[in-house]
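Visitor: Data file upload03.txt (compact mmCIF, C-alpha atoms) is appended below.
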# COMPACT_ATOMS: atom_id res chain seq x y z
CA MET A 124 23.66 -38.68 29.16
CA PRO A 125 26.86 -38.78 31.24
CA THR A 126 27.68 -35.74 33.30
CA ILE A 127 30.94 -34.15 34.40
CA VAL A 128 30.99 -31.77 37.37
CA PRO A 129 28.90 -28.77 38.47
CA TYR A 130 29.75 -25.47 36.82
CA SER A 131 30.85 -24.06 40.18
CA HIS A 132 33.77 -26.50 40.32
CA VAL A 133 34.99 -25.28 36.93
CA LEU A 134 34.70 -21.70 38.18
CA ILE A 135 36.64 -22.52 41.34
CA LEU A 136 39.43 -24.15 39.34
CA ALA A 137 39.57 -21.14 37.02
CA ALA A 138 39.65 -18.79 40.02
CA ILE A 139 42.50 -20.69 41.67
CA LEU A 140 44.48 -20.55 38.41
CA PHE A 141 43.72 -16.87 38.02
CA LEU A 142 44.90 -16.14 41.56
CA LEU A 143 48.10 -18.11 40.95
CA GLY A 144 48.74 -16.07 37.81
CA ALA A 145 47.93 -12.79 39.53
CA GLY A 146 50.22 -13.66 42.42
CA CYS A 147 52.99 -14.48 39.97
CA ALA A 148 52.48 -11.20 38.12
CA VAL A 149 52.47 -9.16 41.33
CA ALA A 150 55.07 -10.89 43.47
CA ARG A 151 57.77 -12.03 41.08
CA ARG A 152 60.50 -9.53 40.34
CA ASN A 153 61.57 -10.87 36.96
CA LEU A 154 60.05 -9.25 33.87
CA LEU A 155 59.66 -12.61 32.13
CA MET A 156 57.89 -14.12 35.14
CA ILE A 157 55.50 -11.16 35.26
CA LEU A 158 54.54 -11.84 31.64
CA ILE A 159 54.14 -15.56 32.41
CA GLY A 160 51.73 -14.62 35.21
CA VAL A 161 49.62 -12.65 32.75
CA GLU A 162 49.53 -15.67 30.42
CA VAL A 163 48.30 -17.91 33.24
CA MET A 164 45.57 -15.39 34.04
CA LEU A 165 44.38 -15.30 30.43
CA SER A 166 44.32 -19.09 30.23
CA ALA A 167 42.24 -19.25 33.42
CA GLY A 168 39.78 -16.81 31.92
CA GLY A 169 39.44 -19.04 28.88
CA LEU A 170 38.73 -22.02 31.12
CA ALA A 171 35.88 -20.15 32.80
CA PHE A 172 34.45 -19.20 29.40
CA ILE A 173 34.50 -22.80 28.17
CA GLY A 174 32.76 -23.97 31.32
CA ALA A 175 30.13 -21.27 30.78
CA ALA A 176 29.63 -22.37 27.17
CA MET A 177 28.85 -25.83 28.47
CA ARG A 178 26.67 -24.61 31.32
CA TRP A 179 24.33 -22.68 29.01
CA GLN A 180 24.80 -24.92 25.96
CA HIS A 181 25.78 -21.94 23.86
CA LEU A 182 28.77 -21.51 21.57
CA ASP A 183 29.37 -17.85 22.44
CA GLY A 184 31.66 -18.81 25.31
CA GLN A 185 33.86 -20.90 23.05
CA ALA A 186 33.96 -18.10 20.48
CA PHE A 187 35.28 -15.75 23.14
CA VAL A 188 38.15 -18.11 23.91
CA ILE A 189 39.36 -17.65 20.33
CA PHE A 190 39.59 -13.92 20.93
CA ILE A 191 41.27 -14.44 24.29
CA MET A 192 43.90 -16.51 22.51
CA ALA A 193 44.38 -13.77 19.90
CA VAL A 194 44.83 -11.20 22.67
CA ALA A 195 47.26 -13.50 24.50
CA ALA A 196 49.34 -14.09 21.37
CA SER A 197 49.59 -10.40 20.48
CA GLU A 198 50.22 -9.45 24.10
CA VAL A 199 53.09 -11.89 24.46
CA ALA A 200 54.64 -10.78 21.16
CA VAL A 201 54.62 -7.11 22.10
CA GLY A 202 55.53 -7.83 25.71
CA LEU A 203 58.56 -9.91 24.82
CA ALA A 204 59.67 -7.30 22.30
CA LEU A 205 59.38 -4.67 25.04
CA ILE A 206 61.40 -6.86 27.42
CA VAL A 207 64.15 -7.35 24.85
CA TYR A 208 64.15 -3.62 24.17
CA SER A 209 64.40 -2.63 27.82
CA GLN A 210 67.02 -5.29 28.47
CA ARG A 211 69.10 -3.80 25.68
CA ARG A 212 68.73 -0.32 27.12
CA SER A 213 69.32 -1.04 30.77
CA GLY A 214 71.01 -4.43 30.82
CA THR A 215 68.77 -6.03 33.43
CA LEU A 216 65.58 -8.06 33.67
CA ALA A 217 64.88 -7.33 37.35
CA ALA A 218 61.88 -5.07 37.77
CA ASP A 219 63.40 -3.57 40.94
CA ARG A 220 66.28 -2.16 38.94
CA TYR A 221 64.02 0.09 36.90
CA ASP A 222 64.14 2.78 39.58
CA LEU A 223 65.28 5.78 37.59
CA MET A 224 62.37 7.86 38.90
CA LYS A 225 62.91 6.68 42.51
CA GLY A 226 59.26 5.72 42.90
CA MET B 104 30.95 -39.87 40.75
CA SER B 105 31.36 -40.58 37.07
CA ILE B 106 34.65 -41.32 35.37
CA TYR B 107 34.46 -37.89 33.73
CA ALA B 108 34.30 -36.16 37.09
CA VAL B 109 37.36 -38.12 38.21
CA MET B 110 39.16 -37.02 35.05
CA PHE B 111 38.19 -33.41 35.73
CA TYR B 112 39.56 -33.46 39.26
CA VAL B 113 42.77 -35.25 38.26
CA LEU B 114 43.39 -32.80 35.43
CA GLY B 115 42.58 -29.87 37.70
CA ALA B 116 45.05 -31.10 40.31
CA VAL B 117 47.74 -31.52 37.64
CA ILE B 118 47.10 -28.03 36.29
CA VAL B 119 47.19 -26.36 39.70
CA ALA B 120 50.30 -28.29 40.76
CA ALA B 121 52.17 -27.53 37.52
CA THR B 122 51.23 -23.85 37.65
CA ALA B 123 52.22 -23.57 41.31
CA LEU B 124 55.55 -25.19 40.48
CA ALA B 125 56.00 -22.85 37.53
CA ILE B 126 55.43 -19.61 39.39
CA THR B 127 57.82 -20.54 42.21
CA ARG B 128 60.85 -21.63 40.17
CA PRO B 129 63.84 -19.28 40.50
CA ASN B 130 65.01 -20.33 37.03
CA VAL B 131 62.79 -19.02 34.23
CA MET B 132 63.65 -22.00 32.00
CA HIS B 133 62.27 -24.48 34.55
CA ALA B 134 59.19 -22.33 35.00
CA ILE B 135 58.50 -22.42 31.26
CA VAL B 136 58.78 -26.21 31.09
CA CYS B 137 56.37 -26.57 34.04
CA LEU B 138 54.02 -24.10 32.41
CA ALA B 139 54.02 -26.02 29.12
CA LEU B 140 52.87 -29.09 31.08
CA SER B 141 50.16 -26.98 32.69
CA PHE B 142 48.91 -25.78 29.31
CA VAL B 143 48.84 -29.30 27.86
CA ALA B 144 46.75 -30.43 30.83
CA THR B 145 44.50 -27.40 30.28
CA ALA B 146 44.04 -28.50 26.67
CA LEU B 147 42.95 -31.94 27.86
CA LEU B 148 40.49 -30.22 30.20
CA PHE B 149 39.13 -28.18 27.28
CA TYR B 150 38.61 -31.45 25.39
CA LEU B 151 36.78 -32.91 28.37
CA LEU B 152 34.58 -29.81 28.54
CA GLY B 153 33.42 -30.25 24.97
CA ALA B 154 35.75 -27.99 23.00
CA PRO B 155 38.04 -30.18 20.87
CA PHE B 156 38.95 -27.39 18.46
CA LEU B 157 39.94 -25.08 21.29
CA ALA B 158 41.93 -27.92 22.88
CA VAL B 159 44.00 -28.17 19.70
CA LEU B 160 44.39 -24.39 19.61
CA GLU B 161 45.49 -24.37 23.25
CA VAL B 162 48.27 -26.84 22.50
CA VAL B 163 49.31 -25.04 19.31
CA ILE B 164 49.18 -21.46 20.58
CA TYR B 165 49.85 -21.62 24.32
CA ALA B 166 51.99 -24.73 24.76
CA GLY B 167 53.54 -24.35 21.32
CA ALA B 168 53.96 -20.82 20.08
CA ILE B 169 53.94 -18.77 23.26
CA MET B 170 56.12 -21.08 25.34
CA VAL B 171 58.62 -21.52 22.51
CA LEU B 172 58.75 -17.74 22.12
CA PHE B 173 59.52 -17.46 25.84
CA LEU B 174 62.21 -20.13 25.49
CA PHE B 175 63.82 -18.25 22.62
CA ILE B 176 63.86 -15.02 24.59
CA VAL B 177 65.28 -16.72 27.70
CA MET B 178 68.06 -18.32 25.66
CA MET B 179 68.70 -15.06 23.82
CA LEU B 180 68.97 -12.94 26.96
CA GLU B 181 70.99 -15.51 29.00
CA THR B 182 69.09 -14.86 32.20
CA LYS B 183 70.45 -15.95 35.55
CA PRO B 184 68.23 -17.50 38.21
CA ASP B 185 66.70 -14.93 40.52
CA GLU B 186 68.43 -14.60 43.88
CA LYS B 187 65.25 -13.43 45.55
CA ILE B 188 61.91 -14.46 44.19
CA LEU B 189 59.69 -12.10 46.17
CA GLY B 190 60.03 -8.39 46.74
CA PRO B 191 61.79 -6.55 49.55
CA SER B 192 60.47 -8.33 52.62
CA ARG B 193 58.57 -11.52 53.14
CA ARG B 194 56.68 -10.08 56.10
CA GLN B 195 55.04 -7.49 53.90
CA TRP B 196 53.26 -10.22 51.99
CA LEU B 197 51.50 -11.67 55.03
CA PRO B 198 48.52 -9.24 55.05
CA VAL B 199 48.08 -9.67 51.30
CA LEU B 200 48.13 -13.44 51.60
CA ALA B 201 45.69 -13.42 54.52
CA LEU B 202 43.21 -11.11 52.79
CA GLY B 203 43.54 -13.02 49.53
CA GLY B 204 42.85 -16.27 51.37
CA VAL B 205 39.73 -14.76 52.93
CA CYS B 206 38.53 -13.60 49.50
CA LEU B 207 39.16 -17.06 48.04
CA ILE B 208 37.25 -18.80 50.81
CA VAL B 209 34.28 -16.42 50.49
CA MET B 210 34.26 -16.92 46.73
CA VAL B 211 34.36 -20.70 46.98
CA VAL B 212 31.47 -20.71 49.45
CA PHE B 213 29.50 -18.30 47.27
CA LEU B 214 30.07 -20.33 44.11
CA LEU B 215 29.15 -23.58 45.79
CA LEU B 216 25.94 -22.03 47.11
CA ALA B 217 24.83 -19.88 44.18
CA ALA B 218 26.28 -20.64 40.79
CA GLY B 219 25.93 -24.39 40.77
CA GLY B 220 22.94 -24.24 38.46
CA PRO B 221 20.89 -27.27 37.55
CA GLY B 222 23.15 -30.14 38.47
CA PRO B 223 26.37 -31.26 36.82
CA LEU B 224 27.32 -30.26 33.31
CA PRO B 225 26.25 -32.68 30.56
CA LEU B 226 28.87 -34.27 28.36
CA VAL B 227 28.38 -32.72 24.95
CA THR B 228 30.88 -31.74 22.28
CA ALA B 229 30.91 -28.76 19.94
CA ALA B 230 32.01 -30.09 16.58
CA PRO B 231 34.72 -27.94 14.97
CA LEU B 232 32.60 -27.53 11.82
CA ALA B 233 29.60 -26.18 13.71
CA PHE B 234 31.86 -24.01 15.83
CA GLY B 235 33.56 -22.50 12.79
CA ARG B 236 30.23 -21.80 11.11
CA PHE B 237 28.95 -20.13 14.28
CA LEU B 238 32.11 -18.07 14.66
CA PHE B 239 32.10 -16.72 11.12
CA GLN B 240 28.37 -16.12 11.01
CA LYS B 241 27.93 -14.29 14.29
CA TYR B 242 31.38 -12.93 15.09
CA TRP B 243 32.88 -12.25 11.67
CA LEU B 244 33.52 -8.60 12.57
CA ALA B 245 35.29 -9.59 15.78
CA VAL B 246 37.41 -12.05 13.82
CA GLU B 247 38.45 -9.24 11.51
CA ILE B 248 39.26 -7.01 14.47
CA ALA B 249 41.31 -9.83 16.03
CA SER B 250 43.28 -10.19 12.81
CA PHE B 251 43.86 -6.45 12.82
CA LEU B 252 45.05 -6.68 16.43
CA LEU B 253 47.50 -9.42 15.50
CA PHE B 254 48.77 -7.29 12.63
CA VAL B 255 49.30 -4.32 14.92
CA ALA B 256 51.11 -6.57 17.40
CA LEU B 257 53.34 -7.83 14.59
CA VAL B 258 54.22 -4.30 13.54
CA GLY B 259 54.80 -3.26 17.15
CA ALA B 260 57.07 -6.22 17.86
CA LEU B 261 59.04 -5.55 14.68
CA TYR B 262 59.38 -1.88 15.57
CA LEU B 263 60.49 -2.55 19.14
CA GLY B 264 62.83 -5.37 18.19
CA ARG B 265 64.64 -3.63 15.38
CA GLY B 266 68.34 -2.87 15.72
CA ASP B 267 69.59 0.64 16.25
CA GLY B 268 70.97 0.77 12.72
CA THR B 269 74.62 0.45 13.65
CA THR B 270 74.63 -3.34 13.71
CA GLY B 271 72.75 -3.68 10.45
CA GLY B 272 69.78 -5.26 12.24
With the file now loaded, output its structure as structure tokens.
Guide:
Amino acid sequence: MPTIVPYSHVLILAAILFLLGAGCAVARRNLLMILIGVEVMLSAGGLAFIGAAMRWQHLDGQAFVIFIMAVAASEVAVGLALIVYSQRRSGTLAADRYDLMKG
Amino acid sequence: MSIYAVMFYVLGAVIVAATALAITRPNVMHAIVCLALSFVATALLFYLLGAPFLAVLEVVIYAGAIMVLFLFIVMMLETKPDEKILGPSRRQWLPVLALGGVCLIVMVVFLLLAAGGPGPLPLVTAAPLAFGRFLFQKYWLAVEIASFLLFVALVGALYLGRGDGTTGG
């Protein structure tokens, strides 16, 4: 039977993607880019789950990816609606401009 | 090294490069296009890792629905490119980057030592029929809850996106 790569390589790839997404969500100052970072993080989590499903030859990991996708879809719908709402109220997409409480 | 391993590394390099490009673009539109490429490559990787149904879903949901939704919002809001990508000062990010790099190195070493398991992954495929049967036999309640979550998200998005009544929206 042909083989692919060790499971650890899949985990490392997923971790690098997750860190890229987390860095985007933390460092970028645009509300849309913050949401994009969260999407990248969710996708990286799905990649780790699929690798785990293959590592243990069990379908549970793939079933979880379905639910991750449902969470990602609902999160992006509500998140974008929130962004549109706050842009209407304050007229900006820069996260630094939401400083009404001077935090 | 088998041809499948080469495909894995090539796809992984494409995904990381496209994502790194995406998160550094000042223009959100360019970032979304790069990210769509990253998600298509991720779908190919899912296919390689034995999940053809999830590969299709990745293209349809992530690269299709979510990215198009982002595109609509970007075009609707007429965003300008960010003048400054990072926060107040670039020097403040140095400790974070250094500590994050240390964490990444430790994790890579740990994974290579510990979680490798018994050799490389075998090339098997979960047929969509078997996967669907498994999903609805073992996780039918979770599927219902996910549908409920999507419904709540729909209602929430409609509520947040409604007009204020004066424009007839």
Visitor: Which is closer to chain B than all the others in A:Gly146, A:Ala137, A:Val161, A:Ala204, using all atoms listed in the file?
Guide: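 Among the listed residues, the smallest separation from chain B belongs to A:Ala204.
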Visitor: Determine, counting all atoms listed in the file, which protein, DNA and RNA residues have an atom within 10 Å of an atom of range 209-222 of chain A; residues of the same chain fewer than 6 positions away are not included. Present the result as number ranges by chain.
Guide: A: 151-157, 203; B: 180, 182-183, 185, 190-191, 263-264
Visitor: CA of Ala138 in chain A and CA of Ala167 in chain A are how many Å apart?
Guide: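 According to the coordinates, CA of Ala138 in chain A and CA of Ala167 in chain A are separated by 7.1 Å.
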Visitor: Could you list, as a ChimeraX atom specification, the residues of chain A having an atom within 8 Å of chain B when counting all atoms listed in the file?
Guide: /A:124-132,134-136,139-140,143-144,147,150-153,155-156,160,163,170,173-174,177-178,182,185-186,188-190,192-194,196-201,203-205,207-208,216
Visitor: Could you state the separation of CA of Trp179 in chain A and CA of Ala195 in chain A in Å, given to one decimal place?
Guide: 25.1 Å
Visitor: Rank nothing, just name the residue among A:Ile191, A:Val133, A:Leu223, A:Ile206 nearest to Ser166 in chain A, using all atoms listed in the file.
Guide: A:Ile191
Visitor: Padding 6 Å on each side, edges along x, y and z: where is the centre of the box around the listed atoms of range 190-194 of chain A, and how long are its edges in Å to one decimal? Output it as JSON.
Guide:
{"center_x": 42.2, "center_y": -13.9, "center_z": 22.1, "size_x": 17.2, "size_y": 17.3, "size_z": 16.4}
Visitor: Since the input is missing atoms, can you rebuild N, CA and C atoms for range 140-173 of chain A and write them as a CSV table (one decimal), keeping the file's coordinate frame?
Guide:
chain,number,residue,atom,x,y,z
A,140,LEU,N,43.4,-20.8,39.4
A,140,LEU,CA,44.5,-20.6,38.4
A,140,LEU,C,44.7,-19.1,38.2
A,141,PHE,N,43.6,-18.3,38.2
A,141,PHE,CA,43.7,-16.9,38.0
A,141,PHE,C,44.5,-16.2,39.2
A,142,LEU,N,44.2,-16.7,40.4
A,142,LEU,CA,44.9,-16.1,41.6
A,142,LEU,C,46.4,-16.5,41.5
A,143,LEU,N,46.7,-17.7,41.1
A,143,LEU,CA,48.1,-18.1,41.0
A,143,LEU,C,48.8,-17.2,40.0
A,144,GLY,N,48.1,-16.9,38.8
A,144,GLY,CA,48.7,-16.1,37.8
A,144,GLY,C,48.9,-14.7,38.3
A,145,ALA,N,47.9,-14.2,39.0
A,145,ALA,CA,47.9,-12.8,39.5
A,145,ALA,C,49.0,-12.7,40.6
A,146,GLY,N,49.1,-13.7,41.4
A,146,GLY,CA,50.2,-13.7,42.4
A,146,GLY,C,51.6,-13.7,41.8
A,147,CYS,N,51.7,-14.5,40.7
A,147,CYS,CA,53.0,-14.5,40.0
A,147,CYS,C,53.3,-13.1,39.4
A,148,ALA,N,52.3,-12.5,38.8
A,148,ALA,CA,52.5,-11.2,38.1
A,148,ALA,C,52.8,-10.1,39.1
A,149,VAL,N,52.2,-10.2,40.3
A,149,VAL,CA,52.5,-9.2,41.3
A,149,VAL,C,53.8,-9.4,42.1
A,150,ALA,N,54.0,-10.7,42.5
A,150,ALA,CA,55.1,-10.9,43.5
A,150,ALA,C,56.4,-11.1,42.8
A,151,ARG,N,56.5,-11.7,41.7
A,151,ARG,CA,57.8,-12.0,41.1
A,151,ARG,C,58.5,-10.8,40.6
A,152,ARG,N,59.8,-10.7,40.7
A,152,ARG,CA,60.5,-9.5,40.3
A,152,ARG,C,61.3,-9.7,39.0
A,153,ASN,N,60.9,-10.7,38.2
A,153,ASN,CA,61.6,-10.9,37.0
A,153,ASN,C,60.6,-10.5,35.9
A,154,LEU,N,61.0,-9.7,34.9
A,154,LEU,CA,60.0,-9.2,33.9
A,154,LEU,C,59.4,-10.4,33.1
A,155,LEU,N,60.2,-11.4,32.8
A,155,LEU,CA,59.7,-12.6,32.1
A,155,LEU,C,58.6,-13.3,33.0
A,156,MET,N,58.9,-13.4,34.3
A,156,MET,CA,57.9,-14.1,35.1
A,156,MET,C,56.6,-13.3,35.3
A,157,ILE,N,56.7,-12.0,35.2
A,157,ILE,CA,55.5,-11.2,35.3
A,157,ILE,C,54.6,-11.4,34.0
A,158,LEU,N,55.3,-11.5,32.9
A,158,LEU,CA,54.5,-11.8,31.6
A,158,LEU,C,53.9,-13.2,31.7
A,159,ILE,N,54.7,-14.2,32.3
A,159,ILE,CA,54.1,-15.6,32.4
A,159,ILE,C,52.9,-15.6,33.3
A,160,GLY,N,52.9,-14.7,34.4
A,160,GLY,CA,51.7,-14.6,35.2
A,160,GLY,C,50.5,-14.1,34.4
A,161,VAL,N,50.7,-13.2,33.6
A,161,VAL,CA,49.6,-12.6,32.8
A,161,VAL,C,49.1,-13.8,31.8
A,162,GLU,N,50.0,-14.6,31.3
A,162,GLU,CA,49.5,-15.7,30.4
A,162,GLU,C,48.7,-16.6,31.2
A,163,VAL,N,49.1,-17.0,32.4
A,163,VAL,CA,48.3,-17.9,33.2
A,163,VAL,C,46.9,-17.3,33.5
A,164,MET,N,46.9,-16.0,33.8
A,164,MET,CA,45.6,-15.4,34.0
A,164,MET,C,44.7,-15.5,32.8
A,165,LEU,N,45.2,-15.2,31.6
A,165,LEU,CA,44.4,-15.3,30.4
A,165,LEU,C,43.9,-16.7,30.2
A,166,SER,N,44.7,-17.7,30.4
A,166,SER,CA,44.3,-19.1,30.2
A,166,SER,C,43.2,-19.5,31.2
A,167,ALA,N,43.3,-19.0,32.4
A,167,ALA,CA,42.2,-19.2,33.4
A,167,ALA,C,40.9,-18.6,33.0
A,168,GLY,N,41.0,-17.4,32.4
A,168,GLY,CA,39.8,-16.8,31.9
A,168,GLY,C,39.1,-17.6,30.8
A,169,GLY,N,40.0,-18.2,29.9
A,169,GLY,CA,39.4,-19.0,28.9
A,169,GLY,C,38.8,-20.3,29.4
A,170,LEU,N,39.3,-20.8,30.5
A,170,LEU,CA,38.7,-22.0,31.1
A,170,LEU,C,37.3,-21.7,31.7
A,171,ALA,N,37.2,-20.5,32.3
A,171,ALA,CA,35.9,-20.2,32.8
A,171,ALA,C,34.9,-20.0,31.7
A,172,PHE,N,35.3,-19.4,30.5
A,172,PHE,CA,34.4,-19.2,29.4
A,172,PHE,C,34.0,-20.5,28.8
A,173,ILE,N,34.9,-21.5,28.7
A,173,ILE,CA,34.5,-22.8,28.2
A,173,ILE,C,33.5,-23.5,29.1
